[in-house]
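Before any comments, here is the structure.
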Amino acid sequence: MEKQWEEMSSDEKQEELFARWMSPKDPQGNDLKFQSPQAEKAYKERITRIKDAIQMKKLPDRVPVFVIPSFFPVYNAGFTPQEAMYDYDKCCMAFKKLVMNLAPDGQIGTVAPGPGKLFDILDYKLYSWPGHGVSPEQSFQANEGEYMKADEYDALIDDPSNFFSNTYLPRVFGALEGFKMLPTLTGILEIYGVAFNFIPFGLPPVQATYKALFEAGAEALKWAGAMGAFNTEINAAGFPGLWAGFTKAPFDVIGDTLRGTRGVMLDMYRQPDKLIEAMEKLTPIMIKMGVGVAKMNGQPLVFMPLHKGADGFMSDEQFKKFYWPTFRKVMMGLIAEGAVPNPAAEGKWTTRLEVMQDLPKGKTLWMIDQSDIAKAKKTLGKVACMYGNVSSALLALGTPQEVKDYVKKCIDVAGRGGGYIVSNGAFFDHAKAENVKAMVDFAKEYGVYK
Amino acid sequence: MAKDLVNTLADLKEQEAITIVKDRLSAGEDPLKILGDARKGMEIVGKRFASSEYFIPDLVYSGEILKTVTEIVKPKLSTTTESKKLGKIVFGTVAGDIHDIGKDIVVFMLDVNGFEVHDLGVDVPVQKFVDKIKETGAPVVGLSGFLTLAFDSMKQTVDAIKAAGLRDKVNIMIGGGQITEEVRKYTGADAYGKDAMAGVTLAKKWAGVK
């Protein structure tokens with residue numbers, strides 16, 4: 001009989017997750033019915049190609065190609081981001097059109113725009129979205145702030161979940177104000193204490209918050225239904241979705257979400273020990289988050305958007321002290337459980353490459369934006385597969401010929417010996433459709449390994 | 001006892017810098033002289049950033065120390081005198097884009113290098129740039145943007161400056177995460193800076209500073 005998960009080595013776990021990805025399920029949990037035998041074959045070939053590129057054990061049949069957009073499919077289909085966020089069918093139509101027209105090896109489904117109505121219900125403050133802080137024609141954008149105050153590290157470290165539920169969530173969601181009044185649930189221990197701990201749930205602000213939560217939950221379910229149906233359809237047509245879910249580097253959890261760039265940077269000076277302690281505390285939580293989605297969805301790839309560790313955002317010394325250690329621990333934790341961390345190094349990370357190559361071979365997949373591709377191949381590229389480096393500017397303003405020339409350079413420099421996937425380097429909103437098509441078509445034509 | 005405020009601040013020693021400032025104030029020293037030293041310290045910070053010895057966290061922290069120092073000194077000031085400025089610059093993140101980190105760094109670097117920067121903030125409508133250029137007579141304009149949508153906003157801003165008859169009176173620089181020479185050509189700007197120091201170098205060149 002097959003080995004139990006607990007008995008498997010990390011290599012076997014990775015193989016198992018790739019195997020499950022190769023045999024997808026429909027939303028009811030049955031084996032997915034492909035549109036045709038050809039679609040099934042193409043689906044499996046695409047995953048095999050991606051797997052070979054990632055594992056670096058043998059050459060894929062050709063260099064794979066990804067298209068990883070932000071709102072580009074929406075504009076390309078003639079919709080506004082507002083329409084895509086409020087009309088789930090339009091959102092799905094837009095992404096479907098892109099995948100069907102381009103037939104990339106890797107695509108990211110339709111979930112990125114997210115449900116606008118849900119954010120309305122919750123009065124989300126961490127982001128502005130079309131019609132709420134930015135115009136209907138524009139992408140959502142983050143509003144950084146000190147959602148956690150400088151003197152709240154101890155509260156976070158002592159009990160991260162409680163800090164999120166009772167402090168952080170009410171600050172980033174206007175509708176969740178009532179959570180401030182919630183009891184600490186670990187206080188519900190004996191019959192004497194039970195009733196006291198339930199008093200808050202009778203108070204009008206808490207009840208209003210729960211009403212908003214029910215409404216939000218219903219909307220989230222509606223959205224998930226629409227997205228799930230689409231993703232099943234697109235898988236059945238032969239196109240695997242890349243990511244099981246996401247997790248983050250602990251420095252970015254604090255820098256993006258909790259303290260903001262300014263806050264976290266001051267903490268590096270004023271309370272470095274607290275900052276490091278908090279990141280250590282978040283590390284197993286981030287591992288669990290990534291491993292959880294990989295196992296639940298039966299897919300190895302876990303996306304990790306990286307932000308504050310880019311070149312220039314801190315010195316190499318600061319990177320080694322603050323950013324890398326817990327980021328690496330999260331990746332190693334994912335790898336141990338068979339998942340493949342997929343960090344996106346948007347911007348430039350050229351000076352970090354030597355540090356970042358301290359990883360086991362064939363266990364990670366990196367999105368590379370403007371880092372020096374030749375240097376990346378010689379460092380990180382020795383142990384990890386990379387995709388990207390075709391810039392947003394080139395896709396938006398170049399010509400198809402210029403795009404082809406650049407893709408050729410990428411394949412020549414980074415494709416040699418495998419371990420490279422052609423792709424755009426940053427999530428993009430605006431591009432010429434013919435340029436994106438040129439990137440995909442030329443990769444398929446020129447990227448064949450002979 | 002008179003420890004060196006200039007170097008203490010440049011070395012980002014917050015507590016020491018604050019102690020020195022308080023000591024010097026209670027010794028009856030001219031507050032303007034103290035602020036002058038703080039400014040010199042910030043110039044060194046700027047130089048260290050330019051030579052990649054300092055990075056963004058160091059800039060942010062130095063700004064915070066300067067803010068604290070200024071708050072301590074301010075109540076003792078009878079008059080404020082404007083220090084000499086190399087020239088005026090109108091700066092902002094273009095319409096539709098609300099990213100401020102990159103813009104703030106360039107504004108900071110221009111400021112410590114002696115420019116009078118009129119920072120219009122983020123998501124700045126085209127007309128606001130035009131109005132501010134008219135109002136200040138600034139010969140240099142800086143447009144910042146992080147998203148690909150900024151390419152068009154930058155182009156529209158440059159076009160509006162042209163339409164207002166101001167194009168030959170200003171030099172325009174652009175910058176941001178995805179900006180390249182291709183984008184520069186597309187927008188019609190005069191130059192692009194790949195980082196904050198490149199922005200300072202451009203501004204100095206255009207202002208005729210050696």
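Following the order of the structure tokens, first chain is A, next is B, and so on, with residues numbered from 1 inside each chain and ligands from 1 in the order they appear.
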What are the residues of chain A that have an atom within 8 Å of an atom of chain B, counting only C-alpha atoms, as a PDB file with N, CA and C atoms, in the first residue's frame?
```pdb
ATOM      1  N   VAL A 134      -9.692  54.959  -5.682  1.00  0.00           N
ATOM      2  CA  VAL A 134      -9.097  55.092  -7.017  1.00  0.00           C
ATOM      3  C   VAL A 134     -10.238  55.019  -8.034  1.00  0.00           C
ATOM      4  N   SER A 135      -9.972  55.506  -9.247  1.00  0.00           N
ATOM      5  CA  SER A 135     -11.050  55.603 -10.225  1.00  0.00           C
ATOM      6  C   SER A 135     -11.436  54.210 -10.733  1.00  0.00           C
ATOM      7  N   GLN A 138      -8.992  52.007 -12.698  1.00  0.00           N
ATOM      8  CA  GLN A 138      -7.669  51.669 -12.191  1.00  0.00           C
ATOM      9  C   GLN A 138      -7.662  50.490 -11.231  1.00  0.00           C
ATOM     10  N   GLN A 141      -4.950  49.531  -5.012  1.00  0.00           N
ATOM     11  CA  GLN A 141      -3.609  49.904  -4.542  1.00  0.00           C
ATOM     12  C   GLN A 141      -3.621  49.900  -3.011  1.00  0.00           C
ATOM     13  N   ARG A 262       7.670  52.728   6.802  1.00  0.00           N
ATOM     14  CA  ARG A 262       8.327  53.660   7.706  1.00  0.00           C
ATOM     15  C   ARG A 262       8.440  53.040   9.106  1.00  0.00           C
ATOM     16  N   MET A 265      10.981  50.202   9.359  1.00  0.00           N
ATOM     17  CA  MET A 265      12.359  50.684   9.223  1.00  0.00           C
ATOM     18  C   MET A 265      12.846  51.377  10.495  1.00  0.00           C
ATOM     19  N   LEU A 266      11.961  52.086  11.135  1.00  0.00           N
ATOM     20  CA  LEU A 266      12.341  52.690  12.429  1.00  0.00           C
ATOM     21  C   LEU A 266      12.569  51.597  13.469  1.00  0.00           C
ATOM     22  N   MET A 268      13.820  48.733  12.956  1.00  0.00           N
ATOM     23  CA  MET A 268      15.144  48.139  12.726  1.00  0.00           C
ATOM     24  C   MET A 268      16.197  48.853  13.561  1.00  0.00           C
ATOM     25  N   TYR A 269      15.951  50.132  13.841  1.00  0.00           N
ATOM     26  CA  TYR A 269      16.877  50.900  14.684  1.00  0.00           C
ATOM     27  C   TYR A 269      16.474  50.917  16.149  1.00  0.00           C
ATOM     28  N   GLY A 312      18.251  48.223  -2.492  1.00  0.00           N
ATOM     29  CA  GLY A 312      17.990  49.628  -2.180  1.00  0.00           C
ATOM     30  C   GLY A 312      17.066  49.807  -0.998  1.00  0.00           C
ATOM     31  N   PHE A 313      16.157  48.838  -0.770  1.00  0.00           N
ATOM     32  CA  PHE A 313      15.245  48.997   0.364  1.00  0.00           C
ATOM     33  C   PHE A 313      15.979  48.843   1.688  1.00  0.00           C
ATOM     34  N   MET A 314      17.095  48.129   1.666  1.00  0.00           N
ATOM     35  CA  MET A 314      17.938  48.041   2.850  1.00  0.00           C
ATOM     36  C   MET A 314      19.320  47.627   2.371  1.00  0.00           C
ATOM     37  N   SER A 315      20.304  47.709   3.270  1.00  0.00           N
ATOM     38  CA  SER A 315      21.657  47.310   2.875  1.00  0.00           C
ATOM     39  C   SER A 315      21.731  45.787   2.846  1.00  0.00           C
ATOM     40  N   GLY A 347      10.926  43.982  -8.907  1.00  0.00           N
ATOM     41  CA  GLY A 347      11.959  45.007  -8.789  1.00  0.00           C
ATOM     42  C   GLY A 347      13.322  44.360  -9.002  1.00  0.00           C
ATOM     43  N   SER A 391      10.264  42.753 -19.090  1.00  0.00           N
ATOM     44  CA  SER A 391       9.813  43.879 -18.257  1.00  0.00           C
ATOM     45  C   SER A 391       8.451  44.429 -18.671  1.00  0.00           C
ATOM     46  N   SER A 392       7.793  45.046 -17.719  1.00  0.00           N
ATOM     47  CA  SER A 392       6.503  45.693 -17.965  1.00  0.00           C
ATOM     48  C   SER A 392       6.636  46.778 -19.025  1.00  0.00           C
ATOM     49  N   ALA A 393       7.736  47.520 -18.963  1.00  0.00           N
ATOM     50  CA  ALA A 393       7.925  48.623 -19.914  1.00  0.00           C
ATOM     51  C   ALA A 393       8.007  48.076 -21.337  1.00  0.00           C
ATOM     52  N   LEU A 394       8.746  46.976 -21.499  1.00  0.00           N
ATOM     53  CA  LEU A 394       8.891  46.382 -22.826  1.00  0.00           C
ATOM     54  C   LEU A 394       7.525  45.894 -23.345  1.00  0.00           C
ATOM     55  N   ALA A 396       4.603  46.992 -22.511  1.00  0.00           N
ATOM     56  CA  ALA A 396       3.673  48.108 -22.715  1.00  0.00           C
ATOM     57  C   ALA A 396       4.068  48.961 -23.914  1.00  0.00           C
ATOM     58  N   LEU A 397       5.351  49.137 -24.128  1.00  0.00           N
ATOM     59  CA  LEU A 397       5.788  50.149 -25.092  1.00  0.00           C
ATOM     60  C   LEU A 397       6.627  49.619 -26.244  1.00  0.00           C
ATOM     61  N   GLY A 398       7.130  48.390 -26.121  1.00  0.00           N
ATOM     62  CA  GLY A 398       7.993  47.849 -27.174  1.00  0.00           C
ATOM     63  C   GLY A 398       7.204  47.355 -28.369  1.00  0.00           C
ATOM     64  N   PHE A 428       1.416  42.971 -14.290  1.00  0.00           N
ATOM     65  CA  PHE A 428       1.238  44.158 -15.126  1.00  0.00           C
ATOM     66  C   PHE A 428      -0.225  44.407 -15.458  1.00  0.00           C
ATOM     67  N   ASP A 429      -0.551  45.691 -15.592  1.00  0.00           N
ATOM     68  CA  ASP A 429      -1.905  46.101 -15.948  1.00  0.00           C
ATOM     69  C   ASP A 429      -2.003  46.424 -17.437  1.00  0.00           C
ATOM     70  N   HIS A 430      -1.007  47.164 -17.916  1.00  0.00           N
ATOM     71  CA  HIS A 430      -1.076  47.680 -19.283  1.00  0.00           C
ATOM     72  C   HIS A 430       0.014  47.067 -20.145  1.00  0.00           C
TER      73      HIS A 430
END
```
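Those residues in segment 188-404 of chain A carrying a DSSP assignment of strand (DSSP E), computed from the backbone, are A:Gly245, A:Phe246, A:Leu301, A:Val302, A:Phe303, A:Met304, A:Pro305, A:Val340, A:Pro341, A:Asn342, A:Pro343, A:Ala344, A:Ala345, A:Leu365, A:Trp366, A:Met367, A:Ile368, A:Cys385, A:Met386, A:Tyr387, A:Gly388.
Picture a line from atom CA of Pro300 of chain A to atom CA of Met386 of chain A; it runs 15.9 Å.
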Do a neighbour search on segment 140-146 of chain B at 8 Å with only C-alpha atoms, toss out local chain neighbours closer than 2 positions, and write the hits as a ChimeraX atom specification. /B:88-94,97,99,102-103,133,138,148,150-151,154,170-178,203,206
Excluding Ile335 of chain A and residues on its chain fewer than 2 positions from it, collect all residues at most 12 Å away from it, counting only C-alpha atoms, and give them as a PyMOL selection string. chain A and resi 9-15+17+287-288+290-291+294+300-302+328-333+337-342+359-365
Could you turn the residues from that selection into a file that holds C-alpha atoms, as a PDB file, in the first residue's frame?
```pdb
ATOM      1  CA  SER A   9      10.569  12.135   2.906  1.00  0.00           C
ATOM      2  CA  SER A  10      10.345  15.739   1.709  1.00  0.00           C
ATOM      3  CA  ASP A  11      11.277  14.583  -1.808  1.00  0.00           C
ATOM      4  CA  GLU A  12       8.466  12.047  -1.764  1.00  0.00           C
ATOM      5  CA  LYS A  13       6.044  14.660  -0.482  1.00  0.00           C
ATOM      6  CA  GLN A  14       6.981  16.949  -3.355  1.00  0.00           C
ATOM      7  CA  GLU A  15       6.463  14.113  -5.839  1.00  0.00           C
ATOM      8  CA  LEU A  17       1.952  16.976  -4.533  1.00  0.00           C
ATOM      9  CA  ILE A 287       4.811  27.874   7.162  1.00  0.00           C
ATOM     10  CA  LYS A 288       1.489  26.438   8.287  1.00  0.00           C
ATOM     11  CA  GLY A 290       1.616  27.739   2.926  1.00  0.00           C
ATOM     12  CA  VAL A 291       1.688  24.033   3.702  1.00  0.00           C
ATOM     13  CA  ALA A 294      -0.682  23.116  -0.744  1.00  0.00           C
ATOM     14  CA  PRO A 300       2.919  22.091  -4.725  1.00  0.00           C
ATOM     15  CA  LEU A 301       3.403  25.744  -5.726  1.00  0.00           C
ATOM     16  CA  VAL A 302       2.959  28.337  -2.970  1.00  0.00           C
ATOM     17  CA  ARG A 328      14.574  31.261   4.424  1.00  0.00           C
ATOM     18  CA  LYS A 329      13.053  29.436   7.402  1.00  0.00           C
ATOM     19  CA  VAL A 330       9.584  29.778   5.895  1.00  0.00           C
ATOM     20  CA  MET A 331      10.853  28.385   2.573  1.00  0.00           C
ATOM     21  CA  MET A 332      12.632  25.493   4.309  1.00  0.00           C
ATOM     22  CA  GLY A 333       9.472  24.737   6.274  1.00  0.00           C
ATOM     23  CA  GLU A 337       6.399  19.379   3.625  1.00  0.00           C
ATOM     24  CA  GLY A 338       6.791  18.917  -0.129  1.00  0.00           C
ATOM     25  CA  ALA A 339       5.593  22.369  -1.174  1.00  0.00           C
ATOM     26  CA  VAL A 340       7.535  24.469  -3.689  1.00  0.00           C
ATOM     27  CA  PRO A 341       7.934  28.062  -2.508  1.00  0.00           C
ATOM     28  CA  ASN A 342       7.499  30.519  -5.390  1.00  0.00           C
ATOM     29  CA  LEU A 359      18.841  26.789  -0.758  1.00  0.00           C
ATOM     30  CA  PRO A 360      18.533  23.099  -1.632  1.00  0.00           C
ATOM     31  CA  LYS A 361      18.548  22.478  -5.401  1.00  0.00           C
ATOM     32  CA  GLY A 362      15.319  22.026  -7.305  1.00  0.00           C
ATOM     33  CA  LYS A 363      12.998  22.938  -4.446  1.00  0.00           C
ATOM     34  CA  THR A 364      12.020  26.528  -5.183  1.00  0.00           C
ATOM     35  CA  LEU A 365      10.729  28.561  -8.126  1.00  0.00           C
TER      36      LEU A 365
END
```
As a PyMOL selection string, please: all residues of segment 36-191 of chain B that backbone DSSP puts in helix (DSSP H, G or I). chain B and resi 36-50+56-76+101-112+126-136+149-163+167-169+181-187
